[in-house]
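Text of the file protein23.cif, holding mmCIF, C-alpha atoms:
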data_structure
loop_
_atom_site.label_atom_id
_atom_site.label_comp_id
_atom_site.auth_asym_id
_atom_site.auth_seq_id
_atom_site.Cartn_x
_atom_site.Cartn_y
_atom_site.Cartn_z
CA MET A 279 180.00 74.62 139.07
CA GLY A 280 179.82 74.76 142.87
CA SER A 281 179.23 71.73 145.04
CA SER A 282 175.85 73.13 146.10
CA GLN A 283 174.55 72.93 142.51
CA ARG A 284 173.61 69.81 140.64
CA SER A 285 173.32 69.41 136.88
CA PHE A 286 169.92 69.02 135.16
CA ARG A 287 170.71 65.36 134.58
CA ALA A 288 171.68 64.85 138.19
CA GLN A 289 168.48 66.43 139.43
CA HIS A 290 166.32 64.03 137.35
CA GLN A 291 168.22 60.78 137.44
CA ARG A 292 166.75 57.85 139.38
CA PRO A 293 168.14 57.56 142.96
CA LYS A 294 170.66 54.81 143.41
CA PRO A 295 169.96 51.94 145.84
CA ASP A 296 172.32 53.43 148.42
CA ASP A 297 170.44 56.77 148.25
CA GLU A 298 167.14 55.26 149.48
CA ARG A 299 165.46 51.92 150.01
CA SER A 300 165.10 50.08 146.71
CA ASP A 301 161.51 49.04 147.46
CA SER A 302 160.17 52.45 148.58
CA TRP A 303 158.66 53.13 145.14
CA LEU A 304 156.62 49.90 145.03
CA PRO A 305 153.36 51.27 146.59
CA LEU A 306 153.35 54.21 144.21
CA PHE A 307 153.94 51.90 141.26
CA VAL A 308 151.04 49.63 142.25
CA LEU A 309 148.74 52.62 142.67
CA ALA A 310 149.72 54.05 139.30
CA LEU A 311 149.27 50.67 137.59
CA SER A 312 145.80 50.26 139.11
CA PHE A 313 144.76 53.70 137.91
CA PHE A 314 146.06 52.95 134.42
CA LEU A 315 144.18 49.64 134.17
CA ALA A 316 140.95 51.22 135.41
CA SER A 317 141.26 54.05 132.88
CA LEU A 318 141.92 51.53 130.11
CA MET A 319 138.76 49.58 130.97
CA ILE A 320 136.62 52.74 130.96
CA LEU A 321 138.08 53.84 127.62
CA THR A 322 137.46 50.41 126.08
CA ARG A 323 133.83 50.36 127.21
CA THR A 324 133.29 53.89 125.85
CA ILE A 325 134.68 52.96 122.44
CA LEU A 326 132.55 49.81 122.24
CA ALA A 327 129.44 51.71 123.29
CA GLY A 328 130.12 54.31 120.64
CA GLN A 329 130.36 51.61 117.99
CA ASP A 330 127.09 50.06 119.11
CA ASN A 331 125.29 53.42 118.98
CA ARG A 332 126.39 54.41 115.50
CA LEU A 333 123.48 54.65 113.06
CA PRO A 334 123.56 52.27 110.09
CA ALA A 335 124.10 53.97 106.73
CA LEU A 336 120.94 53.99 104.64
CA ALA A 337 122.69 52.66 101.56
CA ALA A 338 124.30 49.80 103.52
CA LEU A 339 121.20 48.54 105.32
CA SER A 340 120.16 45.06 104.30
CA ASP A 341 117.74 43.11 106.46
CA SER A 342 117.96 45.50 109.43
CA ASN A 343 115.02 47.71 110.30
CA VAL A 344 115.52 51.48 110.22
CA ALA A 345 113.17 51.87 113.19
CA SER A 346 115.56 49.88 115.40
CA ALA A 347 118.34 52.46 115.00
CA PRO A 348 118.83 54.78 117.96
CA ALA A 349 117.73 58.39 117.63
CA ALA A 350 120.22 61.06 116.69
CA VAL A 351 121.67 63.03 119.58
CA VAL A 352 119.66 66.19 120.17
CA LYS A 353 120.91 69.31 121.91
CA PRO A 354 117.98 71.40 123.21
CA ARG A 355 118.10 75.13 122.64
CA SER A 356 114.99 75.78 124.68
CA ALA A 357 112.70 74.17 127.22
CA ALA A 358 110.59 72.58 124.48
CA VAL A 359 110.32 68.80 124.27
CA THR A 360 112.88 67.49 121.80
CA ALA A 361 113.48 63.81 122.50
CA PRO A 362 111.39 61.32 120.48
CA THR A 363 108.20 60.39 122.30
CA PRO A 364 106.44 57.01 122.37
CA LEU A 365 104.90 55.99 119.06
CA ASP A 366 101.32 55.84 120.34
CA SER A 367 101.45 59.51 121.35
CA ARG A 368 102.68 60.57 117.93
CA THR A 369 100.02 58.97 115.75
CA PRO A 370 97.68 61.41 114.00
CA LYS A 371 94.30 61.99 115.58
CA ASP A 372 91.21 63.19 113.70
CA LEU A 373 92.98 64.30 110.54
CA PRO A 374 90.83 66.42 108.23
CA ALA A 375 89.44 64.56 105.25
CA ALA A 376 91.45 64.59 102.04
CA VAL A 377 90.06 66.05 98.84
CA THR A 378 87.63 63.61 97.22
CA PRO A 379 88.92 62.76 93.72
CA HIS A 380 86.59 63.09 90.72
CA HIS A 381 87.83 61.43 87.55
CA ASP A 382 88.11 63.81 84.62
CA PRO A 383 88.01 62.09 81.17
CA ALA A 384 89.50 65.07 79.32
CA LEU A 385 92.42 65.26 81.70
CA GLN A 386 92.86 61.49 81.39
CA ARG A 387 93.09 61.70 77.59
CA ALA A 388 95.66 64.48 77.81
CA ILE A 389 97.83 62.40 80.14
CA GLU A 390 97.64 59.28 77.98
CA ALA A 391 98.52 61.24 74.86
CA ALA A 392 101.50 62.87 76.56
CA ILE A 393 102.90 59.60 77.94
CA GLY A 394 102.97 57.99 74.50
CA ALA A 395 105.71 55.38 74.17
CA ASP A 396 106.73 55.82 77.82
CA ALA A 397 103.49 54.23 79.06
CA GLY A 398 105.34 51.18 80.33
CA HIS A 399 107.89 53.24 82.24
CA VAL A 400 106.00 56.17 83.74
CA SER A 401 103.24 56.50 86.32
CA VAL A 402 101.42 59.76 86.94
CA VAL A 403 98.63 61.01 89.20
CA VAL A 404 97.25 64.55 89.18
CA ARG A 405 94.53 66.10 91.36
CA ARG A 406 93.20 69.63 91.62
CA LEU A 407 92.57 70.56 95.22
CA THR A 408 89.69 72.97 94.66
CA ASP A 409 87.32 70.48 93.06
CA GLY A 410 89.05 67.09 93.12
CA ARG A 411 89.39 66.77 89.33
CA SER A 412 91.76 63.84 88.91
CA ALA A 413 93.33 61.49 86.41
CA GLY A 414 96.31 59.22 86.16
CA VAL A 415 98.08 56.25 84.68
CA GLY A 416 99.61 53.41 86.69
CA GLY A 417 99.08 55.18 89.99
CA ASP A 418 99.40 51.99 92.06
CA ARG A 419 102.62 50.73 90.46
CA VAL A 420 105.37 50.45 93.07
CA PHE A 421 108.68 52.25 92.45
CA TYR A 422 111.85 52.80 94.43
CA ALA A 423 111.23 56.21 95.99
CA ALA A 424 114.78 57.57 95.73
CA SER A 425 114.88 61.01 97.39
CA THR A 426 111.13 61.53 97.31
CA PHE A 427 111.02 59.68 100.67
CA LYS A 428 112.28 62.96 102.15
CA LEU A 429 108.77 64.38 101.74
CA ALA A 430 107.55 61.93 104.37
CA ILE A 431 110.27 63.05 106.78
CA LEU A 432 109.40 66.69 106.16
CA TYR A 433 105.71 66.13 106.87
CA GLU A 434 106.36 64.14 110.04
CA ALA A 435 108.76 66.75 111.40
CA GLU A 436 106.24 69.54 110.83
CA ARG A 437 103.43 67.43 112.26
CA GLN A 438 105.38 66.75 115.45
CA ARG A 439 106.25 70.42 115.61
CA SER A 440 102.54 71.28 115.31
CA LEU A 441 101.83 69.03 118.30
CA GLY A 442 104.57 70.64 120.38
CA LEU A 443 106.75 67.52 120.27
CA LEU A 444 109.57 69.01 118.23
CA ASN A 445 111.42 72.32 118.30
CA LEU A 446 112.98 73.16 114.94
CA ASP A 447 115.60 75.35 116.62
CA ASP A 448 117.04 72.47 118.61
CA GLU A 449 120.21 70.82 117.32
CA ILE A 450 120.98 67.29 116.23
CA GLN A 451 124.47 65.83 115.97
CA PHE A 452 125.30 63.84 112.84
CA SER A 453 126.83 60.43 113.48
CA ALA A 454 129.79 59.11 111.49
CA ASP A 455 127.43 56.91 109.50
CA ASP A 456 125.14 59.85 108.79
CA LEU A 457 128.13 61.72 107.42
CA ASN A 458 129.00 58.76 105.19
CA GLU A 459 125.72 59.30 103.33
CA ASP A 460 126.99 62.57 101.86
CA LEU A 461 127.03 62.79 98.06
CA GLY A 462 128.60 66.23 97.92
CA THR A 463 125.96 68.50 99.48
CA LEU A 464 127.10 68.41 103.11
CA ARG A 465 129.47 71.34 102.63
CA GLN A 466 126.38 73.52 102.07
CA VAL A 467 124.80 72.58 105.41
CA PRO A 468 125.21 75.32 108.07
CA PHE A 469 126.81 73.78 111.16
CA GLU A 470 126.66 75.45 114.56
CA ALA A 471 129.82 76.34 116.51
CA ASP A 472 129.56 73.13 118.55
CA GLY A 473 129.31 70.94 115.45
CA GLY A 474 125.55 70.41 115.61
CA VAL A 475 122.92 71.33 113.04
CA THR A 476 119.53 72.78 113.90
CA ILE A 477 116.55 70.69 112.85
CA ARG A 478 115.34 73.68 110.85
CA HIS A 479 118.56 73.82 108.85
CA ALA A 480 118.60 70.04 108.41
CA LEU A 481 115.09 70.13 106.95
CA ARG A 482 116.05 72.92 104.55
CA ALA A 483 119.15 71.06 103.39
CA MET A 484 117.20 67.82 103.00
CA ILE A 485 114.57 69.43 100.77
CA THR A 486 116.20 72.25 98.82
CA ILE A 487 119.51 70.53 98.00
CA SER A 488 118.43 66.96 98.82
CA ASP A 489 121.17 66.44 101.39
CA ASN A 490 121.27 62.77 102.36
CA THR A 491 123.11 63.17 105.66
CA SER A 492 120.42 65.51 106.99
CA ALA A 493 117.68 63.17 105.77
CA VAL A 494 119.10 60.05 107.43
CA ALA A 495 119.77 61.83 110.71
CA LEU A 496 116.22 63.22 110.77
CA LEU A 497 114.76 59.83 109.81
CA HIS A 498 116.46 58.17 112.76
CA HIS A 499 115.51 60.96 115.14
CA LEU A 500 111.83 61.02 114.18
CA GLY A 501 111.58 57.24 113.88
CA GLY A 502 110.84 55.24 110.76
CA ALA A 503 107.93 53.42 112.36
CA ALA A 504 106.36 56.69 113.49
CA ILE A 505 106.65 58.15 110.01
CA ASP A 506 105.09 55.07 108.44
CA GLU A 507 102.20 55.21 110.91
CA THR A 508 101.57 58.81 109.94
CA LEU A 509 101.59 57.85 106.26
CA ARG A 510 98.99 55.15 106.91
CA GLN A 511 96.81 57.67 108.72
CA LEU A 512 97.05 60.03 105.76
CA GLY A 513 95.85 57.26 103.46
CA LEU A 514 99.10 56.11 101.84
CA THR A 515 99.08 52.36 101.35
CA ALA A 516 102.40 51.31 99.78
CA THR A 517 104.97 53.91 100.84
CA SER A 518 107.43 53.11 103.62
CA VAL A 519 110.57 54.78 104.94
CA ASN A 520 111.04 51.96 107.44
CA THR A 521 112.65 49.59 104.94
CA THR A 522 115.68 49.72 102.70
CA ASP A 523 113.41 49.09 99.68
CA LEU A 524 111.84 52.58 100.08
CA PRO A 525 108.71 51.67 98.08
CA THR A 526 106.21 54.24 96.89
CA THR A 527 103.57 54.90 94.24
CA ALA A 528 102.39 57.94 92.32
CA ALA A 529 99.01 57.64 94.05
CA ASP A 530 100.66 57.74 97.48
CA MET A 531 102.91 60.65 96.61
CA ALA A 532 99.96 62.67 95.31
CA ILE A 533 98.19 62.16 98.66
CA LEU A 534 101.30 63.18 100.59
CA MET A 535 101.88 66.30 98.49
CA GLU A 536 98.20 67.21 98.91
CA ALA A 537 98.61 66.98 102.70
CA ILE A 538 101.71 69.16 102.54
CA SER A 539 100.26 71.78 100.22
CA SER A 540 96.89 72.03 101.97
CA GLY A 541 98.33 71.77 105.47
CA ARG A 542 96.24 68.76 106.36
CA GLY A 543 96.88 67.78 109.97
CA VAL A 544 99.46 70.52 110.69
CA SER A 545 99.47 74.12 111.86
CA ALA A 546 99.28 77.06 109.48
CA GLU A 547 102.89 77.92 110.33
CA ALA A 548 104.03 74.37 109.54
CA ARG A 549 102.16 74.42 106.23
CA ALA A 550 103.81 77.71 105.28
CA ASP A 551 107.24 76.33 106.14
CA MET A 552 106.76 73.15 104.08
CA ARG A 553 105.49 75.04 101.07
CA GLY A 554 108.29 77.57 101.40
CA LEU A 555 110.98 74.89 101.37
CA LEU A 556 109.49 73.20 98.30
CA LEU A 557 109.13 76.51 96.48
CA ASP A 558 112.84 77.05 97.15
CA GLN A 559 113.78 73.70 95.60
CA LYS A 560 117.02 73.91 93.60
CA THR A 561 116.39 70.98 91.23
CA ARG A 562 113.88 72.13 88.61
CA PHE A 563 114.49 69.82 85.65
CA GLY A 564 111.15 67.98 85.78
CA ILE A 565 107.67 69.35 86.48
CA PRO A 566 108.75 73.03 86.78
CA GLU A 567 110.49 72.85 83.40
CA GLY A 568 107.15 72.10 81.71
CA LEU A 569 105.41 75.17 83.15
CA PRO A 570 105.30 78.79 81.99
CA VAL A 571 107.67 81.25 83.62
CA GLY A 572 106.17 82.81 86.74
CA ILE A 573 104.05 79.84 87.82
CA ALA A 574 104.62 79.03 91.50
CA VAL A 575 105.62 75.38 91.84
CA GLY A 576 107.03 73.56 94.83
CA ASN A 577 108.60 70.21 94.07
CA LYS A 578 110.82 67.39 95.31
CA THR A 579 112.74 65.20 92.92
CA GLY A 580 114.22 61.75 93.31
CA THR A 581 116.79 60.28 90.94
CA TRP A 582 118.90 57.14 90.90
CA GLU A 583 119.66 54.27 88.56
CA GLY A 584 116.24 53.28 87.27
CA ALA A 585 114.45 56.21 88.88
CA THR A 586 113.53 59.74 87.79
CA HIS A 587 110.71 61.15 89.94
CA ASP A 588 109.18 64.52 90.64
CA ILE A 589 106.36 65.38 93.05
CA ALA A 590 104.92 68.90 93.09
CA PHE A 591 102.14 71.31 93.89
CA VAL A 592 101.37 73.94 91.27
CA ASP A 593 99.60 77.18 92.17
CA VAL A 594 97.52 78.51 89.26
CA PRO A 595 94.51 80.86 89.10
CA GLY A 596 92.12 77.96 88.52
CA GLY A 597 93.24 76.30 91.74
CA THR A 598 96.31 74.53 93.09
CA TYR A 599 96.87 71.03 91.80
CA VAL A 600 99.27 68.29 92.90
CA ILE A 601 101.12 66.08 90.47
CA ALA A 602 103.23 62.98 91.02
CA ILE A 603 105.28 61.51 88.18
CA LEU A 604 107.44 58.42 88.73
CA SER A 605 109.63 56.85 86.07
CA ASP A 606 111.84 53.75 86.00
CA LYS A 607 114.35 55.46 83.72
CA GLY A 608 117.42 56.93 85.36
CA TRP A 609 117.96 60.68 85.00
CA ASP A 610 115.54 60.99 82.08
CA TRP A 611 113.55 64.20 82.51
CA ALA A 612 111.92 64.44 79.08
CA PRO A 613 108.75 62.42 79.89
CA LEU A 614 108.20 64.43 83.08
CA VAL A 615 108.53 67.75 81.30
CA ARG A 616 106.16 66.60 78.55
CA LEU A 617 103.54 65.41 81.04
CA SER A 618 103.79 68.55 83.14
CA ARG A 619 103.21 70.75 80.10
CA ALA A 620 100.23 68.69 78.90
CA ILE A 621 98.57 68.56 82.33
CA TYR A 622 98.91 72.30 82.84
CA ALA A 623 97.30 72.96 79.45
CA ALA A 624 94.50 70.46 80.07
CA LEU A 625 93.59 71.96 83.43
CA LEU A 626 93.40 75.41 81.89
CA VAL A 627 90.85 74.07 79.42
CA VAL A 628 88.88 72.28 82.14
CA GLY A 629 88.42 75.64 83.87
#
So that I can check it, write out the structure of this file as structure tokens.
Amino acid sequence: MGSSQRSFRAQHQRPKPDDERSDSWLPLFVLALSFFLASLMILTRTILAGQDNRLPALAALSDSNVASAPAAVVKPRSAAVTAPTPLDSRTPKDLPAAVTPHHDPALQRAIEAAIGADAGHVSVVVRRLTDGRSAGVGGDRVFYAASTFKLAILYEAERQRSLGLLNLDDEIQFSADDLNEDLGTLRQVPFEADGGVTIRHALRAMITISDNTSAVALLHHLGGAAIDETLRQLGLTATSVNTTDLPTTAADMAILMEAISSGRGVSAEARADMRGLLLDQKTRFGIPEGLPVGIAVGNKTGTWEGATHDIAFVDVPGGTYVIAILSDKGWDWAPLVRLSRAIYAALLVVG
């Protein structure tokens, strides 16, 4: 090797003190250290902020209020308004009147006979939308809503869409805590290339396969307090999505399903979308199981320990009716199927 060439090691070794002043590197070192410390502070603040902004998991909430959680991150796909707006501008105004219920003794007898020994465990309310014929048992008894609370989220999303406050083609990003709510359905949710999910796809997943991650993300984005205010305006008195208790009643769920099926307070397009999602429901073990083949029924179930619920609208020639059945037995569909069959038969006789 010639004297004009130096080895790789020689080219990269630190200069010796007699090659240059020993303190010539000090200013560069101080500058580098300052940059490092500044970067470390920024990184630390970012991590802490990220922890503070994570949404609490629905199952882990205790005394905290769902409404206090920050909204899910939204990525606009158009110029439409997507960020949550103040609560007072989202409350319903001049909602059309609900169907006036008219108690039907024959329908009442059919329900009581079908409940039988499950009278202490099951509540049911049914109402035909064409004439208001109604009956029920234990309609005001409070139950844990389980996944039927997703109906309230669906209605609020479509209501905000009808007012121009929400674009279903915009994306939301699921937080880590949202993802922790998954019970095995998340793999069926269609994610976009950037990792987001459109609100439209989140609504479909929440209803048709009862995806919890989509439901919690939408709940936080729309606002629990806003949803509850809408429910009060519709006439629901006990139901709340703004608490970990998730209380509801059969009477409330019948009102909510009536609003969904009839399109009360929303656009015709929103009504069609809500009905379409419920008609495409994948869980059909309850009310649909008690109906003849070919009957159009849109439903939303809710099951957990001590809860087997199904809320539905049923389209029949005599007129669409809504039915809400809540039970305090876990994963026990038999009473719901029996009641659905009896109610369908009774309404055919009523004419």
- Using all atoms listed in the file: which of A:Asp396, A:Glu436, A:Glu390, A:Asp489 has the shortest distance to Ser605 in chain A: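 Result for the nearest residue to Ser605 in chain A: A:Asp396.
The space between CA of Arg619 in chain A and CA of Gly568 in chain A spans 4.5 Å.
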- Message: Evaluate the PyMOL selection byres ((chain A and resi 577-592) around 6) against this structure - the residues, as a list in words, please.
- Response: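 With the PyMOL selection byres ((chain A and resi 577-592) around 6) on this model, the match is Ala424, Ser425, Thr426, Leu556, Val575, Gly576, Asp593, Thr598, Tyr599, Val600, Ile601, Ala602, Ile603, Leu604, Ser605, Asp606, Lys607, Gly608 and Trp609 of chain A.
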- Task: Please provide as a list of chain:residue names all residues within 12 Å of Asp382 in chain A, with the sequence filter that same-chain residues fewer than 6 positions apart are discarded (counting all atoms listed in the file).
- Result: A:Ala388, A:Ile389, A:Val403, A:Val404, A:Arg405, A:Arg406, A:Asp409, A:Gly410, A:Arg411, A:Ser412, A:Ala413, A:Gly414, A:Ile621, A:Ala624, A:Leu625, A:Val627, A:Val628, A:Gly629
- So which one's closest to Leu617 in chain A, A:Pro595, A:Pro525, A:Gly554, A:Pro566? Using only C-alpha atoms, please.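 The answer is A:Pro566, which sits nearest to Leu617 in chain A.
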- Please provide the set of residues having any atom within 12 Å of range 469-472 of chain A, restricted to only C-alpha atoms, with same-chain residues fewer than 3 positions apart removed, written as JSON, numbers by chain. {"A": [353, 355, 447, 448, 449, 450, 451, 452, 464, 465, 466, 475, 476, 477, 478, 479, 480, 483, 492]}
Dump as a tab-separated table (two decimals), keeping the file's coordinate frame, selection limited to C-alpha atoms:
chain	number	residue	atom	x	y	z
A	353	LYS	CA	120.91	69.31	121.91
A	355	ARG	CA	118.10	75.13	122.64
A	447	ASP	CA	115.60	75.35	116.62
A	448	ASP	CA	117.04	72.47	118.61
A	449	GLU	CA	120.21	70.82	117.32
A	450	ILE	CA	120.98	67.29	116.23
A	451	GLN	CA	124.47	65.83	115.97
A	452	PHE	CA	125.30	63.84	112.84
A	464	LEU	CA	127.10	68.41	103.11
A	465	ARG	CA	129.47	71.34	102.63
A	466	GLN	CA	126.38	73.52	102.07
A	475	VAL	CA	122.92	71.33	113.04
A	476	THR	CA	119.53	72.78	113.90
A	477	ILE	CA	116.55	70.69	112.85
A	478	ARG	CA	115.34	73.68	110.85
A	479	HIS	CA	118.56	73.82	108.85
A	480	ALA	CA	118.60	70.04	108.41
A	483	ALA	CA	119.15	71.06	103.39
A	492	SER	CA	120.42	65.51	106.99
Show me, as a tab-separated table, the residues of range 414-493 of chain A having an atom within 10 Å of range 506-512 of chain A, each with the closest atom pair and its distance in Å, using all atoms listed in the file.
residue	atom	partner	partner_atom	distance
A:Ala430	CA	A:Leu509	CA	7.5
A:Ile431	CA	A:Asp506	CA	9.7
A:Tyr433	CA	A:Thr508	CA	9.0
A:Glu434	CA	A:Thr508	CA	7.2
A:Arg437	CA	A:Thr508	CA	9.1
- Note on the structure: Students should find that CA of Phe421 in chain A and CA of Val402 in chain A are spaced 11.8 Å
When the PyMOL selection byres ((chain A and resi 493) around 8) is applied to the structure above, which residues does it catch, written out as a PDB file with C-alpha atoms, in the frame of the given file?
ATOM      1  CA  LYS A 428     112.280  62.960 102.150  1.00  0.00           C
ATOM      2  CA  ILE A 431     110.270  63.050 106.780  1.00  0.00           C
ATOM      3  CA  ALA A 480     118.600  70.040 108.410  1.00  0.00           C
ATOM      4  CA  LEU A 481     115.090  70.130 106.950  1.00  0.00           C
ATOM      5  CA  MET A 484     117.200  67.820 103.000  1.00  0.00           C
ATOM      6  CA  SER A 488     118.430  66.960  98.820  1.00  0.00           C
ATOM      7  CA  ASP A 489     121.170  66.440 101.390  1.00  0.00           C
ATOM      8  CA  ASN A 490     121.270  62.770 102.360  1.00  0.00           C
ATOM      9  CA  THR A 491     123.110  63.170 105.660  1.00  0.00           C
ATOM     10  CA  SER A 492     120.420  65.510 106.990  1.00  0.00           C
ATOM     11  CA  VAL A 494     119.100  60.050 107.430  1.00  0.00           C
ATOM     12  CA  ALA A 495     119.770  61.830 110.710  1.00  0.00           C
ATOM     13  CA  LEU A 496     116.220  63.220 110.770  1.00  0.00           C
ATOM     14  CA  LEU A 497     114.760  59.830 109.810  1.00  0.00           C
TER      15      LEU A 497
END
- Evaluate the PyMOL selection byres ((chain A and resi 440) around 7) on the structure here and hand back the selected residues as JSON, numbers by chain. {"A": [436, 437, 438, 439, 441, 442, 544, 545, 548]}
- Query: Nearest to Asp551 in chain A among A:Thr521, A:Gly394, A:Val377, A:Leu432, with distances taken over only C-alpha atoms: which residue is it?
  - Reply: A:Leu432
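Taking CA of Asp460 in chain A and CA of Thr486 in chain A as endpoints, the distance between them is 14.8 Å.
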- Item | Nearest to Arg419 in chain A by atom-to-atom distance, counting all atoms listed in the file, from A:Ala391, A:Val519, A:Ala397, A:Leu385 |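 The shortest atom-to-atom distance to Arg419 in chain A comes from A:Ala397.
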Output as a tab-separated table (two decimals), in the frame of the given file: range 502-526 of chain A, completed with N, CA and C atoms.
chain	number	residue	atom	x	y	z
A	502	GLY	N	111.44	55.76	111.97
A	502	GLY	CA	110.84	55.24	110.76
A	502	GLY	C	109.45	54.68	110.97
A	503	ALA	N	109.24	53.99	112.08
A	503	ALA	CA	107.93	53.42	112.36
A	503	ALA	C	106.89	54.51	112.58
A	504	ALA	N	107.29	55.58	113.26
A	504	ALA	CA	106.36	56.69	113.49
A	504	ALA	C	105.97	57.36	112.19
A	505	ILE	N	106.94	57.53	111.30
A	505	ILE	CA	106.65	58.15	110.01
A	505	ILE	C	105.71	57.27	109.20
A	506	ASP	N	105.97	55.98	109.18
A	506	ASP	CA	105.09	55.07	108.44
A	506	ASP	C	103.67	55.08	108.99
A	507	GLU	N	103.54	55.16	110.30
A	507	GLU	CA	102.20	55.21	110.91
A	507	GLU	C	101.46	56.46	110.47
A	508	THR	N	102.18	57.57	110.42
A	508	THR	CA	101.57	58.81	109.94
A	508	THR	C	101.13	58.68	108.49
A	509	LEU	N	101.95	58.05	107.67
A	509	LEU	CA	101.59	57.85	106.26
A	509	LEU	C	100.34	57.01	106.13
A	510	ARG	N	100.20	55.98	106.96
A	510	ARG	CA	98.99	55.15	106.91
A	510	ARG	C	97.76	55.98	107.28
A	511	GLN	N	97.92	56.84	108.29
A	511	GLN	CA	96.81	57.67	108.72
A	511	GLN	C	96.39	58.66	107.64
A	512	LEU	N	97.35	59.11	106.86
A	512	LEU	CA	97.05	60.03	105.76
A	512	LEU	C	96.35	59.32	104.61
A	513	GLY	N	96.49	58.01	104.53
A	513	GLY	CA	95.85	57.26	103.46
A	513	GLY	C	96.82	56.63	102.48
A	514	LEU	N	98.13	56.77	102.70
A	514	LEU	CA	99.10	56.11	101.84
A	514	LEU	C	99.10	54.62	102.15
A	515	THR	N	99.20	53.80	101.14
A	515	THR	CA	99.08	52.36	101.35
A	515	THR	C	100.36	51.57	101.05
A	516	ALA	N	101.22	52.08	100.19
A	516	ALA	CA	102.40	51.31	99.78
A	516	ALA	C	103.71	51.92	100.25
A	517	THR	N	103.72	53.20	100.53
A	517	THR	CA	104.97	53.91	100.84
A	517	THR	C	105.48	53.56	102.23
A	518	SER	N	106.80	53.37	102.33
A	518	SER	CA	107.43	53.11	103.62
A	518	SER	C	108.84	53.69	103.63
A	519	VAL	N	109.19	54.35	104.74
A	519	VAL	CA	110.57	54.78	104.94
A	519	VAL	C	111.27	53.87	105.93
A	520	ASN	N	110.56	52.85	106.39
A	520	ASN	CA	111.04	51.96	107.44
A	520	ASN	C	111.62	50.68	106.87
A	521	THR	N	112.05	50.73	105.62
A	521	THR	CA	112.65	49.59	104.94
A	521	THR	C	113.66	50.10	103.94
A	522	THR	N	114.67	49.31	103.67
A	522	THR	CA	115.68	49.72	102.70
A	522	THR	C	115.13	49.74	101.28
A	523	ASP	N	113.99	49.09	101.03
A	523	ASP	CA	113.41	49.09	99.68
A	523	ASP	C	112.84	50.45	99.31
A	524	LEU	N	112.44	51.25	100.30
A	524	LEU	CA	111.84	52.58	100.08
A	524	LEU	C	110.80	52.55	98.97
A	525	PRO	N	109.73	51.75	99.12
A	525	PRO	CA	108.71	51.67	98.08
A	525	PRO	C	107.76	52.86	98.12
A	526	THR	N	107.24	53.21	96.96
A	526	THR	CA	106.21	54.24	96.89
A	526	THR	C	105.46	54.11	95.59
